[in-house]
>>> print(open('entry.cif').read())   # mmCIF, C-alpha atoms and all ligand atoms; chains and numbers go by the auth columns
data_my_file
loop_
_atom_site.group_PDB
_atom_site.id
_atom_site.type_symbol
_atom_site.label_atom_id
_atom_site.label_comp_id
_atom_site.label_asym_id
_atom_site.label_seq_id
_atom_site.Cartn_x
_atom_site.Cartn_y
_atom_site.Cartn_z
_atom_site.B_iso_or_equiv
_atom_site.auth_seq_id
_atom_site.auth_asym_id
ATOM 1 C CA MET A 1 33.159 105.884 193.107 0.00 1 A
ATOM 2 C CA ARG A 2 34.140 103.060 190.742 0.00 2 A
ATOM 3 C CA VAL A 3 31.884 100.013 191.117 0.00 3 A
ATOM 4 C CA VAL A 4 32.560 96.452 189.938 0.00 4 A
ATOM 5 C CA ILE A 5 29.570 94.075 189.938 0.00 5 A
ATOM 6 C CA LEU A 6 30.053 90.317 190.355 0.00 6 A
ATOM 7 C CA GLY A 7 27.187 87.957 189.511 0.00 7 A
ATOM 8 C CA SER A 8 26.318 84.411 188.529 0.00 8 A
ATOM 9 C CA GLY A 9 22.769 84.556 187.207 0.00 9 A
ATOM 10 C CA ARG A 10 20.120 86.565 185.471 0.00 10 A
ATOM 11 C CA GLY A 11 21.406 89.889 186.748 0.00 11 A
ATOM 12 C CA SER A 12 18.169 91.609 187.675 0.00 12 A
ATOM 13 C CA ASN A 13 19.925 93.420 190.514 0.00 13 A
ATOM 14 C CA ALA A 14 22.778 94.519 188.283 0.00 14 A
ATOM 15 C CA GLU A 15 20.109 95.806 185.907 0.00 15 A
ATOM 16 C CA ALA A 16 18.483 97.743 188.748 0.00 16 A
ATOM 17 C CA ILE A 17 21.850 99.317 189.593 0.00 17 A
ATOM 18 C CA LEU A 18 22.544 100.260 185.975 0.00 18 A
ATOM 19 C CA SER A 19 19.011 101.617 185.505 0.00 19 A
ATOM 20 C CA ALA A 20 19.444 103.756 188.618 0.00 20 A
ATOM 21 C CA GLN A 21 22.738 105.041 187.228 0.00 21 A
ATOM 22 C CA ARG A 22 21.076 105.878 183.902 0.00 22 A
ATOM 23 C CA ALA A 23 18.310 107.724 185.761 0.00 23 A
ATOM 24 C CA GLY A 24 20.859 109.736 187.735 0.00 24 A
ATOM 25 C CA LYS A 25 19.917 107.968 190.980 0.00 25 A
ATOM 26 C CA LEU A 26 23.200 106.263 191.855 0.00 26 A
ATOM 27 C CA GLY A 27 24.865 109.234 193.525 0.00 27 A
ATOM 28 C CA ARG A 28 28.529 109.518 192.595 0.00 28 A
ATOM 29 C CA ALA A 29 28.799 105.796 191.860 0.00 29 A
ATOM 30 C CA ARG A 30 29.587 104.538 188.374 0.00 30 A
ATOM 31 C CA VAL A 31 29.606 100.889 187.263 0.00 31 A
ATOM 32 C CA VAL A 32 32.892 100.277 185.432 0.00 32 A
ATOM 33 C CA GLN A 33 32.930 96.480 185.051 0.00 33 A
ATOM 34 C CA ILE A 34 30.613 93.453 185.253 0.00 34 A
ATOM 35 C CA LEU A 35 32.179 90.030 185.898 0.00 35 A
ATOM 36 C CA ALA A 36 30.491 86.623 185.977 0.00 36 A
ATOM 37 C CA ASP A 37 31.629 83.148 186.966 0.00 37 A
ATOM 38 C CA GLN A 38 29.171 81.495 184.535 0.00 38 A
ATOM 39 C CA PRO A 39 29.725 81.926 180.788 0.00 39 A
ATOM 40 C CA GLU A 40 25.966 81.919 180.047 0.00 40 A
ATOM 41 C CA ALA A 41 24.951 84.273 182.881 0.00 41 A
ATOM 42 C CA GLY A 42 22.262 86.747 181.851 0.00 42 A
ATOM 43 C CA ILE A 43 24.141 89.435 183.730 0.00 43 A
ATOM 44 C CA LEU A 44 26.770 89.476 180.960 0.00 44 A
ATOM 45 C CA ALA A 45 24.228 90.664 178.365 0.00 45 A
ATOM 46 C CA LEU A 46 23.721 93.845 180.411 0.00 46 A
ATOM 47 C CA GLY A 47 27.152 95.050 179.386 0.00 47 A
ATOM 48 C CA ALA A 48 26.164 95.742 175.787 0.00 48 A
ATOM 49 C CA ARG A 49 22.799 97.221 176.832 0.00 49 A
ATOM 50 C CA PHE A 50 24.332 99.704 179.240 0.00 50 A
ATOM 51 C CA GLY A 51 27.734 100.262 177.651 0.00 51 A
ATOM 52 C CA VAL A 52 29.708 98.662 180.474 0.00 52 A
ATOM 53 C CA PRO A 53 32.491 96.095 179.913 0.00 53 A
ATOM 54 C CA ALA A 54 31.284 92.624 180.899 0.00 54 A
ATOM 55 C CA ALA A 55 33.327 89.436 181.001 0.00 55 A
ATOM 56 C CA PHE A 56 33.261 85.825 182.098 0.00 56 A
ATOM 57 C CA VAL A 57 36.153 84.883 184.370 0.00 57 A
ATOM 58 C CA ASP A 58 36.912 81.180 184.770 0.00 58 A
ATOM 59 C CA PRO A 59 36.369 80.315 188.463 0.00 59 A
ATOM 60 C CA ALA A 60 37.859 76.782 188.258 0.00 60 A
ATOM 61 C CA PRO A 61 38.819 74.528 189.965 0.00 61 A
ATOM 62 C CA PHE A 62 36.127 74.746 192.667 0.00 62 A
ATOM 63 C CA LYS A 63 32.331 74.643 192.321 0.00 63 A
ATOM 64 C CA THR A 64 31.018 76.641 195.263 0.00 64 A
ATOM 65 C CA LYS A 65 33.985 78.673 196.497 0.00 65 A
ATOM 66 C CA LEU A 66 36.495 81.041 194.920 0.00 66 A
ATOM 67 C CA GLU A 67 39.960 79.778 195.764 0.00 67 A
ATOM 68 C CA GLY A 68 43.157 78.766 193.981 0.00 68 A
ATOM 69 C CA GLU A 69 43.618 79.661 190.311 0.00 69 A
ATOM 70 C CA GLY A 70 40.056 80.953 189.870 0.00 70 A
ATOM 71 C CA GLU A 71 40.539 83.301 192.798 0.00 71 A
ATOM 72 C CA VAL A 72 43.810 84.577 191.299 0.00 72 A
ATOM 73 C CA ARG A 73 42.019 85.244 187.985 0.00 73 A
ATOM 74 C CA PHE A 74 39.155 87.085 189.703 0.00 74 A
ATOM 75 C CA ILE A 75 41.525 89.197 191.820 0.00 75 A
ATOM 76 C CA ALA A 76 43.393 90.255 188.671 0.00 76 A
ATOM 77 C CA ALA A 77 40.182 91.052 186.748 0.00 77 A
ATOM 78 C CA VAL A 78 38.699 93.092 189.593 0.00 78 A
ATOM 79 C CA LYS A 79 41.985 94.903 190.303 0.00 79 A
ATOM 80 C CA ALA A 80 42.258 95.876 186.634 0.00 80 A
ATOM 81 C CA ALA A 81 39.020 97.852 187.064 0.00 81 A
ATOM 82 C CA ALA A 82 40.458 99.718 190.078 0.00 82 A
ATOM 83 C CA PRO A 83 37.228 99.567 192.110 0.00 83 A
ATOM 84 C CA ASP A 84 36.270 101.591 195.145 0.00 84 A
ATOM 85 C CA LEU A 85 33.375 99.192 195.721 0.00 85 A
ATOM 86 C CA VAL A 86 32.837 95.531 194.766 0.00 86 A
ATOM 87 C CA VAL A 87 29.145 94.573 194.694 0.00 87 A
ATOM 88 C CA LEU A 88 28.132 90.919 194.912 0.00 88 A
ATOM 89 C CA ALA A 89 24.772 90.858 193.121 0.00 89 A
ATOM 90 C CA GLY A 90 23.832 87.198 193.036 0.00 90 A
ATOM 91 C CA PHE A 91 27.436 85.956 193.041 0.00 91 A
ATOM 92 C CA MET A 92 26.910 82.394 194.220 0.00 92 A
ATOM 93 C CA ARG A 93 30.373 81.577 195.540 0.00 93 A
ATOM 94 C CA VAL A 94 31.990 81.741 198.950 0.00 94 A
ATOM 95 C CA LEU A 95 34.872 84.210 198.986 0.00 95 A
ATOM 96 C CA LYS A 96 38.116 83.218 200.695 0.00 96 A
ATOM 97 C CA PRO A 97 40.835 85.342 202.413 0.00 97 A
ATOM 98 C CA GLY A 98 42.827 85.904 199.216 0.00 98 A
ATOM 99 C CA PHE A 99 40.007 87.849 197.559 0.00 99 A
ATOM 100 C CA LEU A 100 38.679 89.336 200.807 0.00 100 A
ATOM 101 C CA ASN A 101 42.098 90.745 201.727 0.00 101 A
ATOM 102 C CA ALA A 102 42.720 92.086 198.217 0.00 102 A
ATOM 103 C CA PHE A 103 39.586 94.274 198.517 0.00 103 A
ATOM 104 C CA ALA A 104 39.298 94.575 202.290 0.00 104 A
ATOM 105 C CA GLY A 105 36.426 96.793 203.430 0.00 105 A
ATOM 106 C CA LYS A 106 35.236 97.378 199.857 0.00 106 A
ATOM 107 C CA ILE A 107 32.977 94.354 199.271 0.00 107 A
ATOM 108 C CA ILE A 108 29.209 94.362 199.831 0.00 108 A
ATOM 109 C CA ASN A 109 26.711 91.539 199.306 0.00 109 A
ATOM 110 C CA LEU A 110 22.981 91.332 198.708 0.00 110 A
ATOM 111 C CA HIS A 111 21.112 88.532 200.477 0.00 111 A
ATOM 112 C CA PRO A 112 17.423 87.650 200.047 0.00 112 A
ATOM 113 C CA SER A 113 16.412 87.475 203.721 0.00 113 A
ATOM 114 C CA LEU A 114 16.493 89.591 206.845 0.00 114 A
ATOM 115 C CA LEU A 115 19.877 88.464 208.161 0.00 115 A
ATOM 116 C CA PRO A 116 20.867 86.958 210.533 0.00 116 A
ATOM 117 C CA SER A 117 17.796 84.846 209.713 0.00 117 A
ATOM 118 C CA PHE A 118 18.113 82.394 206.822 0.00 118 A
ATOM 119 C CA PRO A 119 21.720 82.753 205.676 0.00 119 A
ATOM 120 C CA GLY A 120 23.145 80.519 202.952 0.00 120 A
ATOM 121 C CA LEU A 121 21.363 79.181 199.911 0.00 121 A
ATOM 122 C CA ASP A 122 17.702 79.828 199.051 0.00 122 A
ATOM 123 C CA GLY A 123 16.985 82.495 201.645 0.00 123 A
ATOM 124 C CA ILE A 124 13.520 83.087 200.179 0.00 124 A
ATOM 125 C CA GLY A 125 12.539 79.415 200.254 0.00 125 A
ATOM 126 C CA GLN A 126 13.921 79.000 203.775 0.00 126 A
ATOM 127 C CA ALA A 127 11.758 81.871 205.050 0.00 127 A
ATOM 128 C CA PHE A 128 8.679 80.657 203.156 0.00 128 A
ATOM 129 C CA ARG A 129 8.947 77.081 204.482 0.00 129 A
ATOM 130 C CA ARG A 130 9.610 78.263 208.042 0.00 130 A
ATOM 131 C CA GLY A 131 6.368 80.224 207.943 0.00 131 A
ATOM 132 C CA VAL A 132 7.686 83.581 209.158 0.00 132 A
ATOM 133 C CA LYS A 133 5.379 86.514 208.516 0.00 133 A
ATOM 134 C CA LEU A 134 8.120 88.983 207.731 0.00 134 A
ATOM 135 C CA THR A 135 11.172 88.500 205.548 0.00 135 A
ATOM 136 C CA GLY A 136 12.999 90.754 203.085 0.00 136 A
ATOM 137 C CA CYS A 137 16.518 91.485 201.946 0.00 137 A
ATOM 138 C CA THR A 138 19.803 92.674 203.387 0.00 138 A
ATOM 139 C CA VAL A 139 22.865 94.490 202.088 0.00 139 A
ATOM 140 C CA HIS A 140 25.918 93.818 204.236 0.00 140 A
ATOM 141 C CA GLY A 141 29.682 94.178 204.261 0.00 141 A
ATOM 142 C CA VAL A 142 31.449 90.942 203.372 0.00 142 A
ATOM 143 C CA THR A 143 33.715 89.177 205.863 0.00 143 A
ATOM 144 C CA ALA A 144 35.039 85.611 206.099 0.00 144 A
ATOM 145 C CA GLU A 145 31.808 84.571 207.858 0.00 145 A
ATOM 146 C CA VAL A 146 29.268 83.697 205.138 0.00 146 A
ATOM 147 C CA ASP A 147 26.390 86.234 205.205 0.00 147 A
ATOM 148 C CA GLY A 148 27.757 87.433 208.556 0.00 148 A
ATOM 149 C CA GLY A 149 29.329 90.851 207.913 0.00 149 A
ATOM 150 C CA PRO A 150 28.065 94.200 209.221 0.00 150 A
ATOM 151 C CA ILE A 151 24.523 94.994 208.086 0.00 151 A
ATOM 152 C CA LEU A 152 24.328 98.198 206.033 0.00 152 A
ATOM 153 C CA ASP A 153 20.586 98.232 205.364 0.00 153 A
ATOM 154 C CA GLN A 154 17.513 96.027 205.084 0.00 154 A
ATOM 155 C CA MET A 155 14.058 96.143 203.540 0.00 155 A
ATOM 156 C CA ALA A 156 11.167 94.136 204.954 0.00 156 A
ATOM 157 C CA VAL A 157 8.569 92.192 202.984 0.00 157 A
ATOM 158 C CA ARG A 158 5.383 90.829 204.582 0.00 158 A
ATOM 159 C CA ILE A 159 4.395 87.242 203.798 0.00 159 A
ATOM 160 C CA GLU A 160 0.621 87.278 203.296 0.00 160 A
ATOM 161 C CA ALA A 161 -1.695 84.284 203.688 0.00 161 A
ATOM 162 C CA GLY A 162 -2.154 83.932 199.928 0.00 162 A
ATOM 163 C CA ASP A 163 1.529 84.128 199.038 0.00 163 A
ATOM 164 C CA THR A 164 3.202 81.298 197.153 0.00 164 A
ATOM 165 C CA LEU A 165 6.931 80.846 196.848 0.00 165 A
ATOM 166 C CA GLU A 166 6.666 82.561 193.462 0.00 166 A
ATOM 167 C CA THR A 167 4.734 85.614 194.643 0.00 167 A
ATOM 168 C CA LEU A 168 7.021 85.951 197.651 0.00 168 A
ATOM 169 C CA ALA A 169 10.124 85.727 195.450 0.00 169 A
ATOM 170 C CA ALA A 170 8.732 88.497 193.232 0.00 170 A
ATOM 171 C CA LYS A 171 8.164 90.726 196.271 0.00 171 A
ATOM 172 C CA VAL A 172 11.641 90.080 197.692 0.00 172 A
ATOM 173 C CA HIS A 173 13.250 90.777 194.326 0.00 173 A
ATOM 174 C CA ALA A 174 11.322 94.048 193.998 0.00 174 A
ATOM 175 C CA ALA A 175 12.615 95.045 197.428 0.00 175 A
ATOM 176 C CA GLU A 176 16.162 94.116 196.413 0.00 176 A
ATOM 177 C CA HIS A 177 15.925 96.230 193.278 0.00 177 A
ATOM 178 C CA ALA A 178 15.023 99.257 195.409 0.00 178 A
ATOM 179 C CA LEU A 179 17.425 98.609 198.286 0.00 179 A
ATOM 180 C CA LEU A 180 20.726 97.800 196.581 0.00 180 A
ATOM 181 C CA PRO A 181 20.976 100.891 194.315 0.00 181 A
ATOM 182 C CA ALA A 182 19.937 103.089 197.249 0.00 182 A
ATOM 183 C CA VAL A 183 22.707 101.677 199.461 0.00 183 A
ATOM 184 C CA ILE A 184 25.300 102.137 196.696 0.00 184 A
ATOM 185 C CA ALA A 185 24.176 105.730 196.154 0.00 185 A
ATOM 186 C CA ARG A 186 24.441 106.395 199.879 0.00 186 A
ATOM 187 C CA LEU A 187 27.929 104.855 200.103 0.00 187 A
ATOM 188 C CA SER A 188 29.076 107.107 197.246 0.00 188 A
ATOM 189 C CA ASP A 189 28.180 110.344 199.029 0.00 189 A
HETATM 190 C C1 LIG B . 19.193 87.737 194.456 0.00 201 A
HETATM 191 O O1 LIG B . 17.920 87.396 194.973 0.00 201 A
HETATM 192 C C2 LIG B . 20.222 87.751 195.577 0.00 201 A
HETATM 193 O O2 LIG B . 19.698 88.197 196.786 0.00 201 A
HETATM 194 C C3 LIG B . 20.609 86.306 195.640 0.00 201 A
HETATM 195 O O3 LIG B . 20.681 85.902 194.296 0.00 201 A
HETATM 196 C C4 LIG B . 19.701 86.617 193.551 0.00 201 A
HETATM 197 C C5 LIG B . 20.348 87.150 192.283 0.00 201 A
HETATM 198 O O4 LIG B . 19.395 87.580 191.379 0.00 201 A
HETATM 199 N N1 LIG B . 21.856 86.140 196.321 0.00 201 A
HETATM 200 C C6 LIG B . 22.096 85.156 197.191 0.00 201 A
HETATM 201 O O5 LIG B . 21.284 84.286 197.453 0.00 201 A
HETATM 202 C C7 LIG B . 23.474 85.187 197.815 0.00 201 A
HETATM 203 N N2 LIG B . 23.551 84.253 198.892 0.00 201 A
HETATM 204 P P1 LIG B . 19.818 88.422 190.097 0.00 201 A
HETATM 205 O O6 LIG B . 20.895 87.620 189.364 0.00 201 A
HETATM 206 O O7 LIG B . 18.570 88.529 189.283 0.00 201 A
HETATM 207 O O8 LIG B . 20.317 89.748 190.564 0.00 201 A
#
>>> encode(input="entry.cif", output="structure tokens")
Amino acid sequence: MRVVILGSGRGSNAEAILSAQRAGKLGRARVVQILADQPEAGILALGARFGVPAAFVDPAPFKTKLEGEGEVRFIAAVKAAAPDLVVLAGFMRVLKPGFLNAFAGKIINLHPSLLPSFPGLDGIGQAFRRGVKLTGCTVHGVTAEVDGGPILDQMAVRIEAGDTLETLAAKVHAAEHALLPAVIARLSD
């Protein structure tokens, strides 16, 4: 199962996926391409470390969505890698029908809350400020509804009395790093 990872930031979840692959824990899945919409994204440095092609793709002209010329460039770059699965690992852009239809049924996203609670930006902060006692992370299929596609799996994290936003974020990220590779491995079987 050929996997393309899309990200915008530090890439800790991409690293977890690649580490699982290296440890033989990613089932029949194999990461064949990393793509980022930010030229300085930490996720791009993982390419050299793990021997996977990694590239910046210009997402212009929009800031928060992938549409128009940027969408055309991303569709071409992803298609060139012939993926069976497209993994959004911290890809901070809303996908539009052009991209969604090009890879229909093949796109999954990681979100740092127990959806349908706290969709959108800053899922960890939203949960912390709301004062819920249980949050976590979700892997779901991607549809036109932001953070609204079918839920594939979730992992819960308890918010303890002494937690700060920082300690909670660390716990949610640890859960993400366990959950996402496990879901990919399962999908590859
Ligand atoms: C992750 O916490 C992921 O859940 C979140 O971005 C972070 C990426 O971290 N995604 C979203 O909020 C999507 N709405 P990483 O770059 O270290 O993997």
>>> closest_atom_pairs(input="entry.cif", of="chain A", to="ligand LIG 201 (chain A)", cutoff="10 Å", atoms="all atoms listed in the file", output="tab-separated table")
residue	atom	partner	partner_atom	distance
A:Leu6	CA	A:LIG201	O6	9.6
A:Gly7	CA	A:LIG201	O6	6.3
A:Ser8	CA	A:LIG201	O6	6.4
A:Gly9	CA	A:LIG201	O6	4.2
A:Arg10	CA	A:LIG201	O6	4.1
A:Gly11	CA	A:LIG201	O6	3.5
A:Ser12	CA	A:LIG201	O7	3.5
A:Asn13	CA	A:LIG201	O8	3.7
A:Ala14	CA	A:LIG201	O8	5.8
A:Glu15	CA	A:LIG201	O8	7.6
A:Ala16	CA	A:LIG201	O8	8.4
A:Ile17	CA	A:LIG201	O8	9.7
A:Ala41	CA	A:LIG201	O6	8.3
A:Gly42	CA	A:LIG201	O6	7.7
A:Ile43	CA	A:LIG201	O6	6.8
A:Leu88	CA	A:LIG201	C7	7.9
A:Ala89	CA	A:LIG201	O8	5.3
A:Gly90	CA	A:LIG201	C5	3.6
A:Phe91	CA	A:LIG201	C7	6.3
A:Met92	CA	A:LIG201	C7	5.7
A:Arg93	CA	A:LIG201	N2	8.1
A:Val94	CA	A:LIG201	N2	8.8
A:Asn109	CA	A:LIG201	C7	7.3
A:Leu110	CA	A:LIG201	O2	4.9
A:His111	CA	A:LIG201	O2	4.0
A:Pro112	CA	A:LIG201	O2	4.0
A:Ser113	CA	A:LIG201	O2	7.7
A:Phe118	CA	A:LIG201	N2	9.8
A:Pro119	CA	A:LIG201	N2	7.2
A:Gly120	CA	A:LIG201	N2	5.5
A:Leu121	CA	A:LIG201	N2	5.6
A:Asp122	CA	A:LIG201	O5	5.9
A:Gly123	CA	A:LIG201	O5	6.3
A:Ile124	CA	A:LIG201	O1	8.1
A:Gly136	CA	A:LIG201	O2	9.5
A:Cys137	CA	A:LIG201	O2	6.9
A:Thr138	CA	A:LIG201	O2	8.0
A:Val139	CA	A:LIG201	O2	8.8
A:Val146	CA	A:LIG201	N2	8.5
A:Asp147	CA	A:LIG201	N2	7.2
A:Ala169	CA	A:LIG201	O1	8.0
A:Ala170	CA	A:LIG201	O1	9.4
A:Val172	CA	A:LIG201	O1	7.4
A:His173	CA	A:LIG201	O1	5.8
A:Ala174	CA	A:LIG201	O1	9.4
A:Ala175	CA	A:LIG201	O1	9.6
A:Glu176	CA	A:LIG201	O2	6.9
A:His177	CA	A:LIG201	O8	8.3
A:Leu180	CA	A:LIG201	O2	9.7
>>> atom_distance(input="entry.cif", atom1="atom CA of Met1 of chain A", atom2="atom CA of Ala45 of chain A")
23.0 Å
>>> resolve_selection(input="entry.cif", expression="the PyMOL selection byres (((chain A and resi 84) around 8) and not hetatm)", output="PDB file with C-alpha atoms, in the coordinates of the input")
ATOM      1  CA  MET A   1      33.159 105.884 193.107  1.00  0.00           C
ATOM      2  CA  ARG A   2      34.140 103.060 190.742  1.00  0.00           C
ATOM      3  CA  VAL A   3      31.884 100.013 191.117  1.00  0.00           C
ATOM      4  CA  ALA A  82      40.458  99.718 190.078  1.00  0.00           C
ATOM      5  CA  PRO A  83      37.228  99.567 192.110  1.00  0.00           C
ATOM      6  CA  LEU A  85      33.375  99.192 195.721  1.00  0.00           C
ATOM      7  CA  VAL A  86      32.837  95.531 194.766  1.00  0.00           C
ATOM      8  CA  LYS A 106      35.236  97.378 199.857  1.00  0.00           C
TER       9      LYS A 106
END
>>> residues_around(input="entry.cif", residues="Thr135 of chain A", least_positions_apart="3", cutoff="7 Å", atoms="all atoms listed in the file", output="PyMOL selection string")
chain A and resi 113-114+127+156-158
>>> residues_around(input="entry.cif", residues="His140 of chain A", least_positions_apart="4", cutoff="9 Å", atoms="all atoms listed in the file", output="list in words")
Ile107, Ile108, Asn109, Leu110, His111, Leu115, Asp147, Gly148, Gly149, Pro150, Ile151, Leu152, Asp153 and Gln154 of chain A
>>> atom_distance(input="entry.cif", atom1="atom CA of Glu71 of chain A", atom2="atom CA of Arg186 of chain A")
29.0 Å
>>> closest_residue(input="entry.cif", among="A:Gln21, A:Gln38, A:Thr143, A:Gln33", to="Ala104 of chain A", atoms="all atoms listed in the file")
A:Thr143
>>> resolve_selection(input="entry.cif", expression="the PyMOL selection byres (((chain A and resi 57) around 7) and not hetatm)", output="ChimeraX atom specification")
/A:35-37,55-56,58-59,73-74
>>> atom_distance(input="entry.cif", atom1="atom CA of Val183 of chain A", atom2="atom CA of Leu26 of chain A")
8.9 Å
>>> closest_residue(input="entry.cif", among="A:Leu179, A:Glu69, A:Val132, A:Phe50", to="Ala23 of chain A", atoms="all atoms listed in the file")
A:Phe50
>>> resolve_selection(input="entry.cif", expression="the PyMOL selection byres (((chain A and resi 95) around 8) and not hetatm)", output="number ranges by chain")
A: 65-67, 93-94, 96-97, 99-100, 144
>>> write_last_selection(input="entry.cif", atoms="C-alpha atoms", output="mmCIF file, in the coordinates of the input")
data_model
loop_
_atom_site.group_PDB
_atom_site.id
_atom_site.type_symbol
_atom_site.label_atom_id
_atom_site.label_comp_id
_atom_site.auth_asym_id
_atom_site.auth_seq_id
_atom_site.Cartn_x
_atom_site.Cartn_y
_atom_site.Cartn_z
ATOM 1 C CA LYS A 65 33.985 78.673 196.497
ATOM 2 C CA LEU A 66 36.495 81.041 194.920
ATOM 3 C CA GLU A 67 39.960 79.778 195.764
ATOM 4 C CA ARG A 93 30.373 81.577 195.540
ATOM 5 C CA VAL A 94 31.990 81.741 198.950
ATOM 6 C CA LYS A 96 38.116 83.218 200.695
ATOM 7 C CA PRO A 97 40.835 85.342 202.413
ATOM 8 C CA PHE A 99 40.007 87.849 197.559
ATOM 9 C CA LEU A 100 38.679 89.336 200.807
ATOM 10 C CA ALA A 144 35.039 85.611 206.099
#
>>> residues_around(input="entry.cif", residues="Lys25 of chain A", least_positions_apart="3", cutoff="8 Å", atoms="all atoms listed in the file", output="PyMOL selection string")
chain A and resi 20-22+181-182+185
>>> decode(input="entry.cif", residues="segment 52-67 of chain A", atoms="N, CA, C and O atoms", output="PDB file, in the first residue's frame")
ATOM      1  N   VAL A  52      13.083   8.913   2.114  1.00  0.00           N
ATOM      2  CA  VAL A  52      11.819   9.058   1.384  1.00  0.00           C
ATOM      3  C   VAL A  52      11.840  10.406   0.666  1.00  0.00           C
ATOM      4  O   VAL A  52      12.220  11.411   1.274  1.00  0.00           O
ATOM      5  N   PRO A  53      11.444  10.478  -0.602  1.00  0.00           N
ATOM      6  CA  PRO A  53      11.403  11.776  -1.278  1.00  0.00           C
ATOM      7  C   PRO A  53      10.483  12.749  -0.543  1.00  0.00           C
ATOM      8  O   PRO A  53       9.374  12.363  -0.130  1.00  0.00           O
ATOM      9  N   ALA A  54      10.957  13.974  -0.366  1.00  0.00           N
ATOM     10  CA  ALA A  54      10.166  14.997   0.325  1.00  0.00           C
ATOM     11  C   ALA A  54      10.273  16.295  -0.448  1.00  0.00           C
ATOM     12  O   ALA A  54      11.366  16.661  -0.895  1.00  0.00           O
ATOM     13  N   ALA A  55       9.145  16.981  -0.621  1.00  0.00           N
ATOM     14  CA  ALA A  55       9.164  18.193  -1.442  1.00  0.00           C
ATOM     15  C   ALA A  55       8.148  19.209  -0.944  1.00  0.00           C
ATOM     16  O   ALA A  55       7.086  18.856  -0.412  1.00  0.00           O
ATOM     17  N   PHE A  56       8.507  20.472  -1.117  1.00  0.00           N
ATOM     18  CA  PHE A  56       7.567  21.574  -0.924  1.00  0.00           C
ATOM     19  C   PHE A  56       6.782  21.742  -2.219  1.00  0.00           C
ATOM     20  O   PHE A  56       7.363  21.711  -3.314  1.00  0.00           O
ATOM     21  N   VAL A  57       5.474  21.920  -2.089  1.00  0.00           N
ATOM     22  CA  VAL A  57       4.637  22.232  -3.247  1.00  0.00           C
ATOM     23  C   VAL A  57       3.959  23.570  -2.959  1.00  0.00           C
ATOM     24  O   VAL A  57       3.342  23.738  -1.898  1.00  0.00           O
ATOM     25  N   ASP A  58       4.077  24.493  -3.869  1.00  0.00           N
ATOM     26  CA  ASP A  58       3.531  25.844  -3.665  1.00  0.00           C
ATOM     27  C   ASP A  58       2.001  25.789  -3.624  1.00  0.00           C
ATOM     28  O   ASP A  58       1.371  25.414  -4.618  1.00  0.00           O
ATOM     29  N   PRO A  59       1.397  26.180  -2.481  1.00  0.00           N
ATOM     30  CA  PRO A  59      -0.062  26.078  -2.354  1.00  0.00           C
ATOM     31  C   PRO A  59      -0.799  27.344  -2.804  1.00  0.00           C
ATOM     32  O   PRO A  59      -2.019  27.406  -2.706  1.00  0.00           O
ATOM     33  N   ALA A  60      -0.077  28.363  -3.270  1.00  0.00           N
ATOM     34  CA  ALA A  60      -0.706  29.647  -3.619  1.00  0.00           C
ATOM     35  C   ALA A  60      -1.849  29.430  -4.619  1.00  0.00           C
ATOM     36  O   ALA A  60      -1.824  28.462  -5.367  1.00  0.00           O
ATOM     37  N   PRO A  61      -2.854  30.287  -4.649  1.00  0.00           N
ATOM     38  CA  PRO A  61      -2.896  31.624  -4.075  1.00  0.00           C
ATOM     39  C   PRO A  61      -3.575  31.754  -2.709  1.00  0.00           C
ATOM     40  O   PRO A  61      -3.588  32.842  -2.154  1.00  0.00           O
ATOM     41  N   PHE A  62      -4.127  30.690  -2.148  1.00  0.00           N
ATOM     42  CA  PHE A  62      -4.927  30.877  -0.927  1.00  0.00           C
ATOM     43  C   PHE A  62      -4.129  30.544   0.322  1.00  0.00           C
ATOM     44  O   PHE A  62      -3.150  29.806   0.277  1.00  0.00           O
ATOM     45  N   LYS A  63      -4.590  31.078   1.478  1.00  0.00           N
ATOM     46  CA  LYS A  63      -3.836  30.905   2.727  1.00  0.00           C
ATOM     47  C   LYS A  63      -4.299  29.709   3.553  1.00  0.00           C
ATOM     48  O   LYS A  63      -3.509  29.035   4.205  1.00  0.00           O
ATOM     49  N   THR A  64      -5.599  29.447   3.551  1.00  0.00           N
ATOM     50  CA  THR A  64      -6.109  28.411   4.455  1.00  0.00           C
ATOM     51  C   THR A  64      -6.816  27.267   3.725  1.00  0.00           C
ATOM     52  O   THR A  64      -7.233  26.311   4.352  1.00  0.00           O
ATOM     53  N   LYS A  65      -6.960  27.400   2.412  1.00  0.00           N
ATOM     54  CA  LYS A  65      -7.597  26.309   1.658  1.00  0.00           C
ATOM     55  C   LYS A  65      -6.719  25.949   0.470  1.00  0.00           C
ATOM     56  O   LYS A  65      -5.838  26.718   0.077  1.00  0.00           O
ATOM     57  N   LEU A  66      -6.966  24.764  -0.089  1.00  0.00           N
ATOM     58  CA  LEU A  66      -6.221  24.316  -1.263  1.00  0.00           C
ATOM     59  C   LEU A  66      -7.180  24.350  -2.453  1.00  0.00           C
ATOM     60  O   LEU A  66      -8.038  23.475  -2.586  1.00  0.00           O
ATOM     61  N   GLU A  67      -7.036  25.361  -3.265  1.00  0.00           N
ATOM     62  CA  GLU A  67      -7.936  25.543  -4.405  1.00  0.00           C
ATOM     63  C   GLU A  67      -7.175  26.285  -5.498  1.00  0.00           C
ATOM     64  O   GLU A  67      -6.146  26.912  -5.224  1.00  0.00           O
TER      65      GLU A  67
END
